[in-house]
$ cat query.cif   # mmCIF, C-alpha atoms and all ligand atoms
data_model
loop_
_atom_site.group_PDB
_atom_site.id
_atom_site.type_symbol
_atom_site.label_atom_id
_atom_site.label_comp_id
_atom_site.auth_asym_id
_atom_site.auth_seq_id
_atom_site.Cartn_x
_atom_site.Cartn_y
_atom_site.Cartn_z
ATOM 1 C CA MET A 1 -31.430 36.475 5.152
ATOM 2 C CA THR A 2 -27.743 35.710 4.761
ATOM 3 C CA LYS A 3 -26.726 32.825 6.989
ATOM 4 C CA ARG A 4 -23.787 33.148 9.346
ATOM 5 C CA THR A 5 -21.156 30.839 7.891
ATOM 6 C CA LEU A 6 -17.911 29.469 9.316
ATOM 7 C CA VAL A 7 -15.319 27.550 7.302
ATOM 8 C CA VAL A 8 -13.079 25.289 9.386
ATOM 9 C CA CYS A 9 -10.193 23.263 7.986
ATOM 10 C CA TYR A 10 -7.296 21.127 9.010
ATOM 11 C CA SER A 11 -4.354 20.902 6.653
ATOM 12 C CA LEU A 12 -0.960 19.376 7.153
ATOM 13 C CA SER A 13 0.926 18.013 4.190
ATOM 14 C CA ASN A 14 0.749 20.584 1.399
ATOM 15 C CA GLY A 15 -1.946 22.986 2.362
ATOM 16 C CA ASN A 16 -4.295 21.251 -0.093
ATOM 17 C CA THR A 17 -7.259 21.348 2.249
ATOM 18 C CA ARG A 18 -6.449 24.907 3.327
ATOM 19 C CA ARG A 19 -6.387 25.973 -0.319
ATOM 20 C CA ILE A 20 -9.879 24.613 -1.016
ATOM 21 C CA ALA A 21 -11.258 25.807 2.326
ATOM 22 C CA ARG A 22 -9.947 29.347 1.752
ATOM 23 C CA GLN A 23 -11.492 29.367 -1.706
ATOM 24 C CA VAL A 24 -14.862 28.451 -0.156
ATOM 25 C CA ALA A 25 -14.476 31.008 2.665
ATOM 26 C CA GLU A 26 -13.603 33.811 0.256
ATOM 27 C CA ALA A 27 -16.523 33.036 -2.058
ATOM 28 C CA LEU A 28 -18.949 32.962 0.874
ATOM 29 C CA SER A 29 -17.322 35.850 2.796
ATOM 30 C CA ALA A 30 -17.289 33.424 5.719
ATOM 31 C CA ASP A 31 -15.194 33.419 8.873
ATOM 32 C CA PHE A 32 -12.234 31.072 8.554
ATOM 33 C CA GLU A 33 -10.601 28.876 11.167
ATOM 34 C CA GLU A 34 -7.700 26.469 10.837
ATOM 35 C CA ILE A 35 -7.479 23.644 13.369
ATOM 36 C CA GLU A 36 -4.009 23.014 14.792
ATOM 37 C CA THR A 37 -2.797 20.269 17.079
ATOM 38 C CA LEU A 38 -1.173 21.356 20.340
ATOM 39 C CA GLN A 39 1.757 19.109 19.524
ATOM 40 C CA PRO A 40 2.894 19.616 15.928
ATOM 41 C CA TYR A 41 3.643 16.654 13.672
ATOM 42 C CA SER A 42 7.288 16.351 12.677
ATOM 43 C CA GLY A 43 9.422 14.116 10.509
ATOM 44 C CA SER A 44 9.224 13.056 6.890
ATOM 45 C CA TYR A 45 6.003 12.651 4.919
ATOM 46 C CA ASP A 46 6.360 8.865 5.118
ATOM 47 C CA ALA A 47 6.892 9.033 8.890
ATOM 48 C CA ILE A 48 3.704 11.106 9.264
ATOM 49 C CA VAL A 49 1.795 8.660 7.055
ATOM 50 C CA ASP A 50 2.913 5.819 9.379
ATOM 51 C CA GLN A 51 2.127 7.797 12.532
ATOM 52 C CA GLY A 52 -1.239 8.709 11.038
ATOM 53 C CA GLN A 53 -2.025 5.046 10.453
ATOM 54 C CA GLN A 54 -1.337 4.216 14.088
ATOM 55 C CA GLU A 55 -3.398 7.169 15.249
ATOM 56 C CA VAL A 56 -6.363 6.320 13.046
ATOM 57 C CA ASN A 57 -6.249 2.628 13.991
ATOM 58 C CA SER A 58 -6.080 3.380 17.704
ATOM 59 C CA GLY A 59 -8.738 6.121 17.623
ATOM 60 C CA TYR A 60 -6.242 8.691 18.945
ATOM 61 C CA ARG A 61 -7.701 12.171 19.440
ATOM 62 C CA PRO A 62 -4.942 14.815 19.633
ATOM 63 C CA LYS A 63 -5.361 17.879 21.837
ATOM 64 C CA LEU A 64 -6.026 21.008 19.804
ATOM 65 C CA LYS A 65 -4.922 24.612 20.153
ATOM 66 C CA PRO A 66 -7.734 26.892 21.313
ATOM 67 C CA GLN A 67 -9.876 28.189 18.490
ATOM 68 C CA THR A 68 -11.190 31.653 17.732
ATOM 69 C CA TYR A 69 -14.695 30.744 16.604
ATOM 70 C CA ASP A 70 -17.428 28.540 18.038
ATOM 71 C CA PRO A 71 -19.582 26.629 15.527
ATOM 72 C CA ARG A 72 -22.603 27.304 17.789
ATOM 73 C CA ASP A 73 -22.468 30.952 16.691
ATOM 74 C CA TYR A 74 -23.062 29.999 13.041
ATOM 75 C CA ASP A 75 -25.965 28.681 10.996
ATOM 76 C CA VAL A 76 -23.745 26.874 8.519
ATOM 77 C CA VAL A 77 -20.359 25.270 9.165
ATOM 78 C CA VAL A 78 -18.159 24.085 6.316
ATOM 79 C CA LEU A 79 -15.746 21.468 7.700
ATOM 80 C CA ALA A 80 -12.794 20.461 5.544
ATOM 81 C CA THR A 81 -10.407 17.590 6.198
ATOM 82 C CA PRO A 82 -7.652 15.770 4.361
ATOM 83 C CA THR A 83 -8.145 12.006 4.134
ATOM 84 C CA TRP A 84 -5.986 10.052 6.544
ATOM 85 C CA TRP A 85 -6.228 6.331 6.102
ATOM 86 C CA TYR A 86 -9.674 6.429 4.484
ATOM 87 C CA THR A 87 -11.181 8.687 7.143
ATOM 88 C CA MET A 88 -10.839 12.205 8.580
ATOM 89 C CA ALA A 89 -7.546 13.337 10.110
ATOM 90 C CA PRO A 90 -7.459 12.692 13.888
ATOM 91 C CA ALA A 91 -7.295 16.448 14.561
ATOM 92 C CA VAL A 92 -10.654 16.831 12.820
ATOM 93 C CA ALA A 93 -12.089 13.950 14.840
ATOM 94 C CA SER A 94 -10.996 15.846 17.994
ATOM 95 C CA TYR A 95 -12.655 19.007 16.699
ATOM 96 C CA CYS A 96 -15.938 17.191 16.022
ATOM 97 C CA LEU A 97 -15.926 15.776 19.561
ATOM 98 C CA GLU A 98 -15.149 19.130 21.179
ATOM 99 C CA HIS A 99 -18.168 20.920 19.736
ATOM 100 C CA ASP A 100 -21.924 20.850 19.943
ATOM 101 C CA TRP A 101 -23.419 20.293 16.500
ATOM 102 C CA LYS A 102 -27.100 20.341 17.360
ATOM 103 C CA GLY A 103 -29.027 22.504 14.921
ATOM 104 C CA ARG A 104 -26.038 23.306 12.699
ATOM 105 C CA SER A 105 -26.189 22.876 8.946
ATOM 106 C CA LEU A 106 -22.983 21.168 7.956
ATOM 107 C CA VAL A 107 -21.126 21.142 4.656
ATOM 108 C CA LEU A 108 -18.399 18.506 4.394
ATOM 109 C CA VAL A 109 -15.266 18.886 2.297
ATOM 110 C CA GLN A 110 -12.621 16.229 1.854
ATOM 111 C CA THR A 111 -9.335 16.257 -0.026
ATOM 112 C CA HIS A 112 -7.687 12.985 -0.932
ATOM 113 C CA GLY A 113 -5.139 11.358 -3.196
ATOM 114 C CA GLY A 114 -7.414 8.876 -4.927
ATOM 115 C CA TRP A 115 -8.638 6.732 -2.018
ATOM 116 C CA PRO A 116 -11.400 8.762 -0.351
ATOM 117 C CA GLY A 117 -12.602 5.844 1.800
ATOM 118 C CA HIS A 118 -15.486 6.516 4.208
ATOM 119 C CA THR A 119 -14.414 9.986 5.298
ATOM 120 C CA LEU A 120 -17.666 11.828 4.607
ATOM 121 C CA GLU A 121 -19.792 9.189 6.351
ATOM 122 C CA ASP A 122 -17.445 9.254 9.362
ATOM 123 C CA LEU A 123 -17.564 13.057 9.526
ATOM 124 C CA ALA A 124 -21.354 13.079 9.437
ATOM 125 C CA ASP A 125 -21.388 10.476 12.241
ATOM 126 C CA ALA A 126 -18.892 12.443 14.319
ATOM 127 C CA CYS A 127 -20.960 15.648 14.241
ATOM 128 C CA LYS A 128 -24.033 14.332 16.012
ATOM 129 C CA GLY A 129 -27.126 16.470 15.650
ATOM 130 C CA ALA A 130 -25.966 18.377 12.570
ATOM 131 C CA THR A 131 -27.763 18.220 9.232
ATOM 132 C CA VAL A 132 -25.446 17.640 6.302
ATOM 133 C CA ILE A 133 -26.525 19.954 3.475
ATOM 134 C CA GLY A 134 -23.581 19.562 1.092
ATOM 135 C CA GLU A 135 -20.516 17.457 0.338
ATOM 136 C CA LEU A 136 -17.430 17.927 -1.799
ATOM 137 C CA GLN A 137 -14.556 15.568 -2.547
ATOM 138 C CA VAL A 138 -11.451 17.083 -4.128
ATOM 139 C CA GLN A 139 -8.685 14.892 -5.450
ATOM 140 C CA PHE A 140 -5.043 15.864 -5.356
ATOM 141 C CA ASP A 141 -2.223 13.723 -6.693
ATOM 142 C CA SER A 142 -1.668 10.203 -5.459
ATOM 143 C CA GLU A 143 1.912 10.906 -4.326
ATOM 144 C CA GLY A 144 0.732 13.107 -1.463
ATOM 145 C CA GLY A 145 1.693 16.259 -3.414
ATOM 146 C CA ASP A 146 -0.139 19.482 -4.209
ATOM 147 C CA HIS A 147 -1.179 18.871 -7.816
ATOM 148 C CA LEU A 148 -4.949 19.294 -8.159
ATOM 149 C CA VAL A 149 -6.395 16.329 -10.068
ATOM 150 C CA SER A 150 -10.084 17.288 -9.793
ATOM 151 C CA ASP A 151 -11.322 19.729 -12.428
ATOM 152 C CA PRO A 152 -10.988 23.207 -10.841
ATOM 153 C CA SER A 153 -14.068 24.425 -12.721
ATOM 154 C CA LEU A 154 -16.157 21.720 -11.007
ATOM 155 C CA VAL A 155 -14.921 22.938 -7.639
ATOM 156 C CA GLU A 156 -15.869 26.500 -8.611
ATOM 157 C CA GLU A 157 -19.305 25.362 -9.760
ATOM 158 C CA TRP A 158 -19.864 23.509 -6.526
ATOM 159 C CA ILE A 159 -18.902 26.614 -4.527
ATOM 160 C CA ALA A 160 -21.230 28.809 -6.618
ATOM 161 C CA HIS A 161 -24.066 26.346 -6.034
ATOM 162 C CA LEU A 162 -23.386 26.296 -2.284
ATOM 163 C CA LYS A 163 -23.424 30.085 -2.234
ATOM 164 C CA GLN A 164 -26.864 30.130 -3.874
ATOM 165 C CA GLN A 165 -28.083 27.442 -1.497
ATOM 166 C CA ILE A 166 -27.173 29.252 1.723
ATOM 167 C CA GLN A 167 -27.295 32.960 0.902
HETATM 168 C C1 LIG B 201 -1.299 10.291 7.339
HETATM 169 C C2 LIG B 201 -1.827 10.389 5.931
HETATM 170 C C3 LIG B 201 -2.721 9.444 5.469
HETATM 171 C C4 LIG B 201 -3.269 9.569 4.188
HETATM 172 N N1 LIG B 201 -4.217 8.654 3.794
HETATM 173 C C5 LIG B 201 -4.833 8.822 2.600
HETATM 174 C C6 LIG B 201 -5.904 7.937 2.197
HETATM 175 O O1 LIG B 201 -6.314 7.028 2.930
HETATM 176 N N2 LIG B 201 -6.493 8.130 0.985
HETATM 177 C C7 LIG B 201 -6.078 9.150 0.141
HETATM 178 O O2 LIG B 201 -6.617 9.285 -0.951
HETATM 179 N N3 LIG B 201 -5.088 10.020 0.502
HETATM 180 C C8 LIG B 201 -4.463 9.883 1.707
HETATM 181 N N4 LIG B 201 -3.486 10.770 2.089
HETATM 182 C C9 LIG B 201 -3.195 11.924 1.194
HETATM 183 C C10 LIG B 201 -3.921 13.183 1.656
HETATM 184 O O3 LIG B 201 -5.280 12.940 1.975
HETATM 185 C C11 LIG B 201 -3.918 14.268 0.560
HETATM 186 O O4 LIG B 201 -2.613 14.484 0.082
HETATM 187 C C12 LIG B 201 -4.522 15.569 1.099
HETATM 188 O O5 LIG B 201 -4.920 16.389 0.021
HETATM 189 C C13 LIG B 201 -3.545 16.313 1.994
HETATM 190 O O6 LIG B 201 -4.147 17.504 2.431
HETATM 191 P P1 LIG B 201 -3.317 18.655 3.185
HETATM 192 O O7 LIG B 201 -2.221 19.107 2.243
HETATM 193 O O8 LIG B 201 -4.330 19.705 3.434
HETATM 194 O O9 LIG B 201 -2.778 18.042 4.453
HETATM 195 C C14 LIG B 201 -2.885 10.642 3.339
HETATM 196 C C15 LIG B 201 -1.949 11.589 3.811
HETATM 197 C C16 LIG B 201 -1.429 11.470 5.095
HETATM 198 C C17 LIG B 201 -0.449 12.502 5.581
#
$ encode --input "query.cif" --output "structure tokens" --more "lines below"
Ligand SMILES: Cc1cc2nc3c(=O)[nH]c(=O)nc-3n(C[C@H](O)[C@H](O)[C@H](O)COP(=O)(O)O)c2cc1C
Amino acid sequence: MTKRTLVVCYSLSNGNTRRIARQVAEALSADFEEIETLQPYSGSYDAIVDQGQQEVNSGYRPKLKPQTYDPRDYDVVVLATPTWWYTMAPAVASYCLEHDWKGRSLVLVQTHGGWPGHTLEDLADACKGATVIGELQVQFDSEGGDHLVSDPSLVEEWIAHLKQQIQ
């Protein structure tokens, strides 16, 4: 039986994470949700990088806009985050805390610029009770831009494999 699948992403700088998450959602014909903070980030890229460092170091959890979908209504949740200071973006940490992960199968996706850190481990820890059934790391350029460094065909292969695994 086809599993009910939700793809959730957070994406700020260039839409890198959104781009990968949408690709996954389209391939799986999954519902798609984008997390947004109640208070938008503003200022230059460098200013956001600095603010992000403070937020990560202090464990700040921003308030989020209400979401359309509830992970509890799905068998499989694909959760995609950009890397912020070697871990998930604070908005994604808020999302993990807000939801009940018991019994969910979780697929973790991370975009980064060359320093992936401990993001996937932290995500798995933050979604207590979920079973991680897949992981993907996608590298974009080290300047914080939108140039895809990872081989796109490997991303496609990974998506095709995931599709076989869950459908
Ligand atoms: C606040 C902040 C912190 C970042 N920290 C890292 C990092 O620790 N390691 C890394 O490889 N990239 C880091 N980056 C780069 C992003 O992870 C990368 O550009 C990502 O693909 C952006 O995704 P988005 O366009 O969906 O927001 C950081 C970017 C920001 C804005």
$ closest_atom_pairs --input "query.cif" --of "chain A" --to "ligand LIG 201 (chain B)" --cutoff "9 Å" --atoms "all atoms listed in the file" --output "JSON lines"
{"residue": "A:Cys9", "atom": "CA", "partner": "B:LIG201", "partner_atom": "O8", "distance": 8.2}
{"residue": "A:Tyr10", "atom": "CA", "partner": "B:LIG201", "partner_atom": "O8", "distance": 6.5}
{"residue": "A:Ser11", "atom": "CA", "partner": "B:LIG201", "partner_atom": "O8", "distance": 3.4}
{"residue": "A:Leu12", "atom": "CA", "partner": "B:LIG201", "partner_atom": "O9", "distance": 3.5}
{"residue": "A:Ser13", "atom": "CA", "partner": "B:LIG201", "partner_atom": "O9", "distance": 3.7}
{"residue": "A:Asn14", "atom": "CA", "partner": "B:LIG201", "partner_atom": "O7", "distance": 3.4}
{"residue": "A:Gly15", "atom": "CA", "partner": "B:LIG201", "partner_atom": "O7", "distance": 3.9}
{"residue": "A:Asn16", "atom": "CA", "partner": "B:LIG201", "partner_atom": "O7", "distance": 3.8}
{"residue": "A:Thr17", "atom": "CA", "partner": "B:LIG201", "partner_atom": "O8", "distance": 3.6}
{"residue": "A:Arg18", "atom": "CA", "partner": "B:LIG201", "partner_atom": "O8", "distance": 5.6}
{"residue": "A:Arg19", "atom": "CA", "partner": "B:LIG201", "partner_atom": "O8", "distance": 7.6}
{"residue": "A:Ile20", "atom": "CA", "partner": "B:LIG201", "partner_atom": "O8", "distance": 8.6}
{"residue": "A:Tyr45", "atom": "CA", "partner": "B:LIG201", "partner_atom": "C17", "distance": 6.5}
{"residue": "A:Asp46", "atom": "CA", "partner": "B:LIG201", "partner_atom": "C17", "distance": 7.7}
{"residue": "A:Ala47", "atom": "CA", "partner": "B:LIG201", "partner_atom": "C1", "distance": 8.4}
{"residue": "A:Ile48", "atom": "CA", "partner": "B:LIG201", "partner_atom": "C1", "distance": 5.4}
{"residue": "A:Val49", "atom": "CA", "partner": "B:LIG201", "partner_atom": "C1", "distance": 3.5}
{"residue": "A:Asp50", "atom": "CA", "partner": "B:LIG201", "partner_atom": "C1", "distance": 6.5}
{"residue": "A:Gln51", "atom": "CA", "partner": "B:LIG201", "partner_atom": "C1", "distance": 6.7}
{"residue": "A:Gly52", "atom": "CA", "partner": "B:LIG201", "partner_atom": "C1", "distance": 4.0}
{"residue": "A:Gln53", "atom": "CA", "partner": "B:LIG201", "partner_atom": "C1", "distance": 6.1}
{"residue": "A:Glu55", "atom": "CA", "partner": "B:LIG201", "partner_atom": "C1", "distance": 8.8}
{"residue": "A:Val56", "atom": "CA", "partner": "B:LIG201", "partner_atom": "C1", "distance": 8.6}
{"residue": "A:Ala80", "atom": "CA", "partner": "B:LIG201", "partner_atom": "O8", "distance": 8.8}
{"residue": "A:Thr81", "atom": "CA", "partner": "B:LIG201", "partner_atom": "O8", "distance": 7.0}
{"residue": "A:Pro82", "atom": "CA", "partner": "B:LIG201", "partner_atom": "O6", "distance": 4.4}
{"residue": "A:Thr83", "atom": "CA", "partner": "B:LIG201", "partner_atom": "O3", "distance": 3.7}
{"residue": "A:Trp84", "atom": "CA", "partner": "B:LIG201", "partner_atom": "C3", "distance": 3.5}
{"residue": "A:Trp85", "atom": "CA", "partner": "B:LIG201", "partner_atom": "O1", "distance": 3.2}
{"residue": "A:Tyr86", "atom": "CA", "partner": "B:LIG201", "partner_atom": "O1", "distance": 3.8}
{"residue": "A:Thr87", "atom": "CA", "partner": "B:LIG201", "partner_atom": "O1", "distance": 6.6}
{"residue": "A:Met88", "atom": "CA", "partner": "B:LIG201", "partner_atom": "O3", "distance": 8.7}
{"residue": "A:Ala89", "atom": "CA", "partner": "B:LIG201", "partner_atom": "C1", "distance": 7.5}
{"residue": "A:Gln110", "atom": "CA", "partner": "B:LIG201", "partner_atom": "O5", "distance": 7.9}
{"residue": "A:Thr111", "atom": "CA", "partner": "B:LIG201", "partner_atom": "O5", "distance": 4.4}
{"residue": "A:His112", "atom": "CA", "partner": "B:LIG201", "partner_atom": "O3", "distance": 3.8}
{"residue": "A:Gly113", "atom": "CA", "partner": "B:LIG201", "partner_atom": "O2", "distance": 3.4}
{"residue": "A:Gly114", "atom": "CA", "partner": "B:LIG201", "partner_atom": "O2", "distance": 4.1}
{"residue": "A:Trp115", "atom": "CA", "partner": "B:LIG201", "partner_atom": "O2", "distance": 3.4}
{"residue": "A:Pro116", "atom": "CA", "partner": "B:LIG201", "partner_atom": "O2", "distance": 4.8}
{"residue": "A:Gly117", "atom": "CA", "partner": "B:LIG201", "partner_atom": "O1", "distance": 6.5}
{"residue": "A:Thr119", "atom": "CA", "partner": "B:LIG201", "partner_atom": "O1", "distance": 8.9}
{"residue": "A:Val138", "atom": "CA", "partner": "B:LIG201", "partner_atom": "O5", "distance": 7.8}
{"residue": "A:Gln139", "atom": "CA", "partner": "B:LIG201", "partner_atom": "O5", "distance": 6.8}
{"residue": "A:Phe140", "atom": "CA", "partner": "B:LIG201", "partner_atom": "O5", "distance": 5.4}
{"residue": "A:Asp141", "atom": "CA", "partner": "B:LIG201", "partner_atom": "O4", "distance": 6.8}
{"residue": "A:Ser142", "atom": "CA", "partner": "B:LIG201", "partner_atom": "O2", "distance": 6.8}
{"residue": "A:Glu143", "atom": "CA", "partner": "B:LIG201", "partner_atom": "O4", "distance": 7.3}
{"residue": "A:Gly144", "atom": "CA", "partner": "B:LIG201", "partner_atom": "O4", "distance": 3.9}
{"residue": "A:Gly145", "atom": "CA", "partner": "B:LIG201", "partner_atom": "O4", "distance": 5.8}
{"residue": "A:Asp146", "atom": "CA", "partner": "B:LIG201", "partner_atom": "O7", "distance": 6.8}
{"residue": "A:Leu148", "atom": "CA", "partner": "B:LIG201", "partner_atom": "O5", "distance": 8.7}
$ closest_residue --input "query.cif" --among "A:Val78, A:Leu108, A:Val149, A:Ala160" --to "Glu121 in chain A" --atoms "only C-alpha atoms"
A:Leu108
$ closest_atom_pairs --input "query.cif" --of "range 47-77 of chain A" --to "range 33-36 of chain A" --cutoff "10 Å" --atoms "only C-alpha atoms" --output "JSON lines"
{"residue": "A:Pro62", "atom": "CA", "partner": "A:Glu36", "partner_atom": "CA", "distance": 9.6}
{"residue": "A:Lys63", "atom": "CA", "partner": "A:Glu36", "partner_atom": "CA", "distance": 8.8}
{"residue": "A:Leu64", "atom": "CA", "partner": "A:Glu36", "partner_atom": "CA", "distance": 5.8}
{"residue": "A:Lys65", "atom": "CA", "partner": "A:Glu36", "partner_atom": "CA", "distance": 5.7}
{"residue": "A:Pro66", "atom": "CA", "partner": "A:Glu36", "partner_atom": "CA", "distance": 8.5}
{"residue": "A:Gln67", "atom": "CA", "partner": "A:Ile35", "partner_atom": "CA", "distance": 7.3}
{"residue": "A:Thr68", "atom": "CA", "partner": "A:Glu33", "partner_atom": "CA", "distance": 7.2}
{"residue": "A:Tyr69", "atom": "CA", "partner": "A:Glu33", "partner_atom": "CA", "distance": 7.1}
{"residue": "A:Asp70", "atom": "CA", "partner": "A:Glu33", "partner_atom": "CA", "distance": 9.7}
$ atom_distance --input "query.cif" --atom1 "CA of Trp158 in chain A" --atom2 "CA of Arg104 in chain A"
20.2 Å
$ atom_distance --input "query.cif" --atom1 "CA of Tyr74 in chain A" --atom2 "CA of Arg61 in chain A"
24.4 Å
$ residues_around --input "query.cif" --residues "Cys96 in chain A" --least-positions-apart "5" --cutoff "10 Å" --atoms "only C-alpha atoms" --output "list in words"
Leu79, Pro90, Ala91, Trp101, Leu123, Ala124, Asp125, Ala126, Cys127 and Lys128 of chain A
